[in-house]
>>> print(open('coords.cif').read())   # mmCIF, C-alpha atoms and all ligand atoms
data_model
#
loop_
_atom_site.group_PDB
_atom_site.id
_atom_site.type_symbol
_atom_site.label_atom_id
_atom_site.label_comp_id
_atom_site.auth_asym_id
_atom_site.auth_seq_id
_atom_site.Cartn_x
_atom_site.Cartn_y
_atom_site.Cartn_z
ATOM 1 C CA MET A 1 53.465 -239.210 95.577
ATOM 2 C CA SER A 2 52.511 -239.723 99.250
ATOM 3 C CA GLU A 3 48.977 -239.540 100.569
ATOM 4 C CA GLU A 4 47.282 -236.167 100.872
ATOM 5 C CA ILE A 5 47.696 -234.300 104.160
ATOM 6 C CA ILE A 6 44.944 -232.178 105.693
ATOM 7 C CA ILE A 7 46.041 -228.894 107.241
ATOM 8 C CA VAL A 8 43.608 -227.470 109.805
ATOM 9 C CA SER A 9 43.850 -223.731 110.404
ATOM 10 C CA GLY A 10 42.743 -223.760 114.033
ATOM 11 C CA THR A 11 40.660 -220.599 114.386
ATOM 12 C CA ASN A 12 37.661 -218.896 112.821
ATOM 13 C CA ARG A 13 39.187 -215.432 113.315
ATOM 14 C CA LYS A 14 39.215 -213.315 110.173
ATOM 15 C CA ALA A 15 42.713 -212.399 108.997
ATOM 16 C CA ALA A 16 44.219 -215.045 111.265
ATOM 17 C CA MET A 17 47.975 -215.587 111.219
ATOM 18 C CA SER A 18 47.206 -219.291 111.602
ATOM 19 C CA TYR A 19 45.758 -219.292 108.101
ATOM 20 C CA GLN A 20 48.874 -217.574 106.763
ATOM 21 C CA ILE A 21 51.062 -220.204 108.436
ATOM 22 C CA SER A 22 48.792 -222.901 106.978
ATOM 23 C CA LEU A 23 49.517 -221.509 103.504
ATOM 24 C CA THR A 24 53.253 -221.514 104.271
ATOM 25 C CA TYR A 25 52.989 -225.133 105.409
ATOM 26 C CA GLN A 26 51.090 -226.098 102.272
ATOM 27 C CA GLN A 27 53.934 -224.708 100.178
ATOM 28 C CA LEU A 28 56.527 -226.624 102.239
ATOM 29 C CA LEU A 29 54.598 -229.852 101.640
ATOM 30 C CA LYS A 30 54.316 -229.032 97.941
ATOM 31 C CA ASP A 31 58.096 -228.574 97.825
ATOM 32 C CA LEU A 32 58.341 -232.101 99.253
ATOM 33 C CA GLY A 33 56.011 -233.398 96.527
ATOM 34 C CA VAL A 34 53.091 -233.895 98.932
ATOM 35 C CA LYS A 35 49.537 -232.735 98.222
ATOM 36 C CA SER A 36 47.548 -231.046 100.969
ATOM 37 C CA THR A 37 44.180 -229.441 101.582
ATOM 38 C CA ILE A 38 43.533 -226.658 104.076
ATOM 39 C CA ILE A 39 40.453 -226.760 106.280
ATOM 40 C CA ASP A 40 39.956 -223.183 107.418
ATOM 41 C CA LEU A 41 37.717 -223.112 110.497
ATOM 42 C CA MET A 42 36.593 -219.657 109.406
ATOM 43 C CA LEU A 43 34.588 -221.361 106.656
ATOM 44 C CA LEU A 44 32.586 -223.552 109.023
ATOM 45 C CA PRO A 45 28.836 -222.870 109.067
ATOM 46 C CA ASP A 46 28.124 -220.083 111.568
ATOM 47 C CA ASP A 47 25.778 -222.144 113.697
ATOM 48 C CA PHE A 48 27.616 -225.468 113.585
ATOM 49 C CA SER A 49 28.125 -225.649 117.360
ATOM 50 C CA PHE A 50 24.334 -225.904 117.734
ATOM 51 C CA SER A 51 23.267 -227.499 114.436
ATOM 52 C CA ALA A 52 25.959 -230.152 113.893
ATOM 53 C CA LEU A 53 26.766 -231.611 117.314
ATOM 54 C CA TYR A 54 25.338 -234.205 119.717
ATOM 55 C CA GLU A 55 21.803 -235.188 118.639
ATOM 56 C CA HIS A 56 22.360 -233.226 115.397
ATOM 57 C CA SER A 57 25.531 -235.156 114.452
ATOM 58 C CA GLY A 58 25.639 -235.815 110.724
ATOM 59 C CA LYS A 59 22.599 -233.634 110.029
ATOM 60 C CA ASN A 60 24.289 -230.421 108.923
ATOM 61 C CA ASP A 61 25.263 -230.840 105.254
ATOM 62 C CA ALA A 62 27.663 -227.909 105.257
ATOM 63 C CA PHE A 63 29.489 -229.322 108.288
ATOM 64 C CA ASN A 64 29.306 -232.917 107.001
ATOM 65 C CA LYS A 65 31.673 -231.988 104.196
ATOM 66 C CA TYR A 66 34.400 -231.306 106.786
ATOM 67 C CA ARG A 67 33.380 -234.321 108.903
ATOM 68 C CA GLU A 68 33.888 -236.566 105.878
ATOM 69 C CA MET A 69 37.215 -234.988 104.967
ATOM 70 C CA MET A 70 38.502 -235.483 108.508
ATOM 71 C CA LEU A 71 37.164 -239.042 108.682
ATOM 72 C CA ASN A 72 38.853 -239.954 105.397
ATOM 73 C CA GLY A 73 42.122 -238.169 106.202
ATOM 74 C CA LYS A 74 45.111 -240.170 107.451
ATOM 75 C CA LYS A 75 47.577 -237.428 108.355
ATOM 76 C CA PHE A 76 46.923 -233.945 109.636
ATOM 77 C CA VAL A 77 48.704 -230.723 110.460
ATOM 78 C CA PHE A 78 47.009 -228.526 113.041
ATOM 79 C CA VAL A 79 48.101 -224.891 113.048
ATOM 80 C CA VAL A 80 47.143 -223.791 116.535
ATOM 81 C CA PRO A 81 46.940 -220.190 117.723
ATOM 82 C CA GLU A 82 47.322 -219.357 121.398
ATOM 83 C CA TYR A 83 44.088 -217.952 122.838
ATOM 84 C CA ASN A 84 43.966 -217.285 126.580
ATOM 85 C CA GLY A 85 46.872 -219.623 127.238
ATOM 86 C CA SER A 86 45.383 -222.539 125.301
ATOM 87 C CA PHE A 87 43.914 -223.304 121.876
ATOM 88 C CA PRO A 88 40.704 -221.674 120.567
ATOM 89 C CA GLY A 89 37.350 -222.994 121.720
ATOM 90 C CA VAL A 90 36.195 -223.274 118.110
ATOM 91 C CA LEU A 91 38.890 -225.886 117.496
ATOM 92 C CA LYS A 92 37.632 -228.004 120.418
ATOM 93 C CA THR A 93 34.056 -227.567 119.182
ATOM 94 C CA PHE A 94 35.171 -228.663 115.706
ATOM 95 C CA ILE A 95 36.813 -231.768 117.218
ATOM 96 C CA ASP A 96 33.680 -232.466 119.279
ATOM 97 C CA GLY A 97 31.619 -232.413 116.052
ATOM 98 C CA LEU A 98 33.710 -235.136 114.369
ATOM 99 C CA GLU A 99 32.992 -238.842 114.394
ATOM 100 C CA PHE A 100 34.462 -240.424 117.537
ATOM 101 C CA PRO A 101 36.745 -242.347 117.708
ATOM 102 C CA ASN A 102 37.252 -243.227 114.023
ATOM 103 C CA THR A 103 38.282 -239.752 112.917
ATOM 104 C CA PHE A 104 41.528 -239.922 114.891
ATOM 105 C CA THR A 105 42.257 -243.471 116.066
ATOM 106 C CA ASN A 106 45.586 -244.783 114.730
ATOM 107 C CA LYS A 107 46.118 -241.688 112.611
ATOM 108 C CA LYS A 108 49.027 -239.243 112.675
ATOM 109 C CA CYS A 109 49.397 -235.518 113.050
ATOM 110 C CA ALA A 110 51.830 -232.658 113.487
ATOM 111 C CA LEU A 111 51.123 -229.537 115.545
ATOM 112 C CA VAL A 112 52.375 -225.985 114.985
ATOM 113 C CA GLY A 113 51.861 -223.260 117.592
ATOM 114 C CA VAL A 114 51.378 -219.573 116.755
ATOM 115 C CA SER A 115 51.163 -216.666 119.171
ATOM 116 C CA SER A 116 51.666 -212.952 119.381
ATOM 117 C CA GLY A 117 53.183 -213.405 122.859
ATOM 118 C CA ILE A 118 56.276 -215.251 124.045
ATOM 119 C CA GLN A 119 54.948 -218.811 124.488
ATOM 120 C CA GLY A 120 54.326 -219.776 120.872
ATOM 121 C CA ALA A 121 51.223 -221.630 122.054
ATOM 122 C CA GLY A 122 53.380 -224.182 123.889
ATOM 123 C CA LEU A 123 50.700 -224.903 126.487
ATOM 124 C CA ALA A 124 48.019 -225.015 123.797
ATOM 125 C CA LEU A 125 50.002 -227.698 121.963
ATOM 126 C CA SER A 126 50.340 -229.697 125.183
ATOM 127 C CA HIS A 127 46.609 -229.445 125.846
ATOM 128 C CA LEU A 128 45.827 -230.550 122.306
ATOM 129 C CA THR A 129 48.378 -233.379 122.468
ATOM 130 C CA ASP A 130 46.554 -234.761 125.532
ATOM 131 C CA ILE A 131 43.268 -234.697 123.631
ATOM 132 C CA PHE A 132 44.659 -236.366 120.517
ATOM 133 C CA HIS A 133 46.393 -239.044 122.584
ATOM 134 C CA TYR A 134 43.076 -239.664 124.334
ATOM 135 C CA CYS A 135 41.487 -240.069 120.873
ATOM 136 C CA GLY A 136 44.216 -242.539 119.854
ATOM 137 C CA MET A 137 46.088 -240.291 117.419
ATOM 138 C CA ASN A 138 49.890 -240.264 117.226
ATOM 139 C CA VAL A 139 51.339 -236.774 117.582
ATOM 140 C CA LEU A 140 54.735 -236.044 116.039
ATOM 141 C CA ALA A 141 57.229 -235.065 118.763
ATOM 142 C CA GLN A 142 58.533 -231.993 116.902
ATOM 143 C CA LYS A 143 56.128 -229.134 117.633
ATOM 144 C CA PRO A 144 57.419 -225.747 116.415
ATOM 145 C CA LYS A 145 56.289 -222.830 118.539
ATOM 146 C CA LEU A 146 56.156 -219.645 116.504
ATOM 147 C CA SER A 147 56.135 -216.895 119.132
ATOM 148 C CA HIS A 148 55.985 -213.136 118.416
ATOM 149 C CA ILE A 149 54.542 -214.059 115.040
ATOM 150 C CA ASP A 150 53.782 -210.444 114.092
ATOM 151 C CA ASP A 151 57.513 -209.632 114.140
ATOM 152 C CA ASN A 152 58.421 -212.766 112.211
ATOM 153 C CA PHE A 153 55.999 -212.684 109.308
ATOM 154 C CA GLU A 154 56.059 -210.142 106.499
ATOM 155 C CA ASN A 155 54.464 -209.920 103.048
ATOM 156 C CA GLY A 156 53.048 -213.413 103.215
ATOM 157 C CA GLU A 157 56.297 -215.016 104.377
ATOM 158 C CA VAL A 158 57.868 -216.270 107.584
ATOM 159 C CA ILE A 159 61.008 -214.129 107.775
ATOM 160 C CA ASN A 160 62.588 -215.923 110.747
ATOM 161 C CA GLU A 161 65.138 -218.446 109.426
ATOM 162 C CA LEU A 162 64.947 -220.626 112.526
ATOM 163 C CA TYR A 163 61.159 -220.831 112.243
ATOM 164 C CA MET A 164 61.442 -221.899 108.595
ATOM 165 C CA THR A 165 64.064 -224.527 109.484
ATOM 166 C CA LEU A 166 61.827 -225.904 112.235
ATOM 167 C CA LEU A 167 58.789 -226.006 109.919
ATOM 168 C CA LYS A 168 60.719 -227.676 107.070
ATOM 169 C CA ASP A 169 62.194 -230.227 109.443
ATOM 170 C CA GLN A 170 58.775 -230.993 110.897
ATOM 171 C CA ALA A 171 57.144 -231.275 107.469
ATOM 172 C CA GLN A 172 59.827 -233.745 106.346
ATOM 173 C CA LYS A 173 59.368 -235.804 109.512
ATOM 174 C CA LEU A 174 55.590 -235.777 109.099
ATOM 175 C CA VAL A 175 55.892 -237.133 105.561
ATOM 176 C CA GLU A 176 58.102 -239.966 106.885
ATOM 177 C CA PHE A 177 55.945 -240.492 110.049
HETATM 178 C C1 LIG B 201 40.600 -214.502 121.991
HETATM 179 C C2 LIG B 201 42.083 -214.343 121.843
HETATM 180 C C3 LIG B 201 42.912 -214.690 122.881
HETATM 181 C C4 LIG B 201 44.307 -214.554 122.749
HETATM 182 N N1 LIG B 201 45.113 -214.970 123.780
HETATM 183 C C5 LIG B 201 46.456 -214.925 123.616
HETATM 184 C C6 LIG B 201 47.321 -215.457 124.625
HETATM 185 O O1 LIG B 201 46.898 -216.004 125.629
HETATM 186 N N2 LIG B 201 48.663 -215.383 124.414
HETATM 187 C C7 LIG B 201 49.192 -214.819 123.290
HETATM 188 O O2 LIG B 201 50.414 -214.779 123.138
HETATM 189 N N3 LIG B 201 48.395 -214.320 122.297
HETATM 190 C C8 LIG B 201 47.049 -214.385 122.442
HETATM 191 N N4 LIG B 201 46.234 -213.941 121.433
HETATM 192 C C9 LIG B 201 46.828 -213.412 120.211
HETATM 193 C C10 LIG B 201 47.056 -214.547 119.156
HETATM 194 O O3 LIG B 201 48.016 -215.456 119.614
HETATM 195 C C11 LIG B 201 47.468 -213.893 117.859
HETATM 196 O O4 LIG B 201 46.304 -213.341 117.259
HETATM 197 C C12 LIG B 201 48.242 -214.761 116.888
HETATM 198 O O5 LIG B 201 48.377 -214.058 115.669
HETATM 199 C C13 LIG B 201 47.638 -216.122 116.600
HETATM 200 O O6 LIG B 201 46.257 -216.082 116.430
HETATM 201 P P1 LIG B 201 45.530 -215.859 114.996
HETATM 202 O O7 LIG B 201 45.792 -217.102 114.182
HETATM 203 O O8 LIG B 201 44.103 -215.667 115.329
HETATM 204 O O9 LIG B 201 46.155 -214.657 114.337
HETATM 205 C C14 LIG B 201 44.851 -214.037 121.546
HETATM 206 C C15 LIG B 201 43.992 -213.684 120.503
HETATM 207 C C16 LIG B 201 42.629 -213.842 120.626
HETATM 208 C C17 LIG B 201 41.745 -213.483 119.460
#
>>> encode(input="coords.cif", output="structure tokens")
Amino acid sequence: MSEEIIIVSGTNRKAAMSYQISLTYQQLLKDLGVKSTIIDLMLLPDDFSFSALYEHSGKNDAFNKYREMMLNGKKFVFVVPEYNGSFPGVLKTFIDGLEFPNTFTNKKCALVGVSSGIQGAGLALSHLTDIFHYCGMNVLAQKPKLSHIDDNFENGEVINELYMTLLKDQAQKLVEF
């Protein structure tokens, strides 16, 4: 059995599609015999952007749980929704609250974009790739962009065959990465 992978659902929006795609991804990893844990940004403490950052780093117990998980993780999947042509601010705030640079240096991740529009969060994934490269993390080249997600997801499942092929292919490559 390979090491456990952490899946980050990249928004704190209730009923987010990103969380649904995170669940799909967790199942794909399970099918490959790989354990994973989902960090759902919706479960972060409400006030973490004020109580867990900068001079408060490490002082918010509820946030520290996630800080530790991220610090100990070796491989990540970030499911990234497109908000205003980029990724959500809460995801950047989450990253800013983590230990720098040890949380990401020399680690590996895969990115998945999700949008209701046509881009599939392509720009958001590029923006995030720049940040992770700055932090010293290796980003897998395959980055599926799941556009028009509302038309391609039904009853808890991705119903677009191409999307599923892209996700399976990426998950396999991440395990081998
Ligand atoms: C604040 C906000 C901004 C958004 N901006 C965009 C956008 O720029 N392009 C787009 O295609 N969809 C945009 N959306 C829609 C999301 O892409 C859509 O909700 C999708 O399901 C992924 O986000 P979710 O995980 O929150 O569901 C936006 C949604 C929110 C809440």
>>> residues_around(input="coords.cif", residues="Asp61 in chain A", least_positions_apart="5", cutoff="10 Å", atoms="only C-alpha atoms", output="list in words")
Pro45, Ser51, Ala52, Tyr66 and Arg67 of chain A
>>> residues_around(input="coords.cif", residues="range 86-97 of chain A", least_positions_apart="4", cutoff="9 Å", atoms="all atoms listed in the file", output="PyMOL selection string")
chain A and resi 9-12+41+44+48-49+52-54+57-58+63+67+80-82+121-128
>>> residues_near_ligand(input="coords.cif", ligand="ligand LIG 201 (chain B)", cutoff="6 Å", atoms="all atoms listed in the file", output="PyMOL selection string")
chain A and resi 13+16-18+81-85+114-118
>>> closest_residue(input="coords.cif", among="A:Ile7, A:Met70, A:Val139, A:Met42", to="Gln27 in chain A", atoms="all atoms listed in the file")
A:Ile7
>>> residues_around(input="coords.cif", residues="range 104-110 of chain A", least_positions_apart="2", cutoff="9 Å", atoms="all atoms listed in the file", output="list in words")
Met70, Leu71, Gly73, Lys74, Lys75, Phe76, Val77, Phe78, Val79, Glu99, Phe100, Pro101, Asn102, Val112, Phe132, His133, Cys135, Gly136, Met137, Asn138, Val139, Leu140, Ala141, Gln142, Lys143, Gln170, Ala171, Leu174 and Phe177 of chain A
>>> closest_residue(input="coords.cif", among="A:Ile131, A:Val34, A:Val175, A:Val8", to="Gln20 in chain A", atoms="only C-alpha atoms")
A:Val8
>>> closest_residue(input="coords.cif", among="A:Ser36, A:Gly120, A:Met69, A:Glu55", to="Thr24 in chain A", atoms="all atoms listed in the file")
A:Ser36
>>> closest_residue(input="coords.cif", among="A:Gln172, A:Ile21, A:Leu98, A:Gln26", to="Asp150 in chain A", atoms="all atoms listed in the file")
A:Ile21
>>> atom_distance(input="coords.cif", atom1="CA of Ala62 in chain A", atom2="CA of Asp46 in chain A")
10.1 Å
>>> atom_distance(input="coords.cif", atom1="CA of Gly33 in chain A", atom2="CA of Met164 in chain A")
17.5 Å
>>> residues_near_point(input="coords.cif", point="(51.4, -213.8, 99.9)", cutoff="10 Å", atoms="only C-alpha atoms", output="PDB file with C-alpha atoms, in the frame of the given file")
ATOM      1  CA  GLN A  20      48.874-217.574 106.763  1.00  0.00           C
ATOM      2  CA  LEU A  23      49.517-221.509 103.504  1.00  0.00           C
ATOM      3  CA  THR A  24      53.253-221.514 104.271  1.00  0.00           C
ATOM      4  CA  GLU A 154      56.059-210.142 106.499  1.00  0.00           C
ATOM      5  CA  ASN A 155      54.464-209.920 103.048  1.00  0.00           C
ATOM      6  CA  GLY A 156      53.048-213.413 103.215  1.00  0.00           C
ATOM      7  CA  GLU A 157      56.297-215.016 104.377  1.00  0.00           C
TER       8      GLU A 157
END
>>> atom_distance(input="coords.cif", atom1="CA of Leu146 in chain A", atom2="CA of Asp40 in chain A")
18.9 Å
>>> residues_around(input="coords.cif", residues="Lys35 in chain A", least_positions_apart="6", cutoff="8 Å", atoms="only C-alpha atoms", output="list in words")
Ser2, Glu3, Glu4, Ile5, Gln26 and Leu29 of chain A
>>> axis_aligned_box(input="coords.cif", around="range 35-48 of chain A", padding_each_side="3 Å", output="AutoDock Vina command-line options")
--center_x 37.7 --center_y -226.2 --center_z 106.0 --size_x 29.8 --size_y 19.1 --size_z 21.5
>>> closest_residue(input="coords.cif", among="A:Ile38, A:Leu43, A:Ile6, A:Tyr25", to="Tyr163 in chain A", atoms="all atoms listed in the file")
A:Tyr25
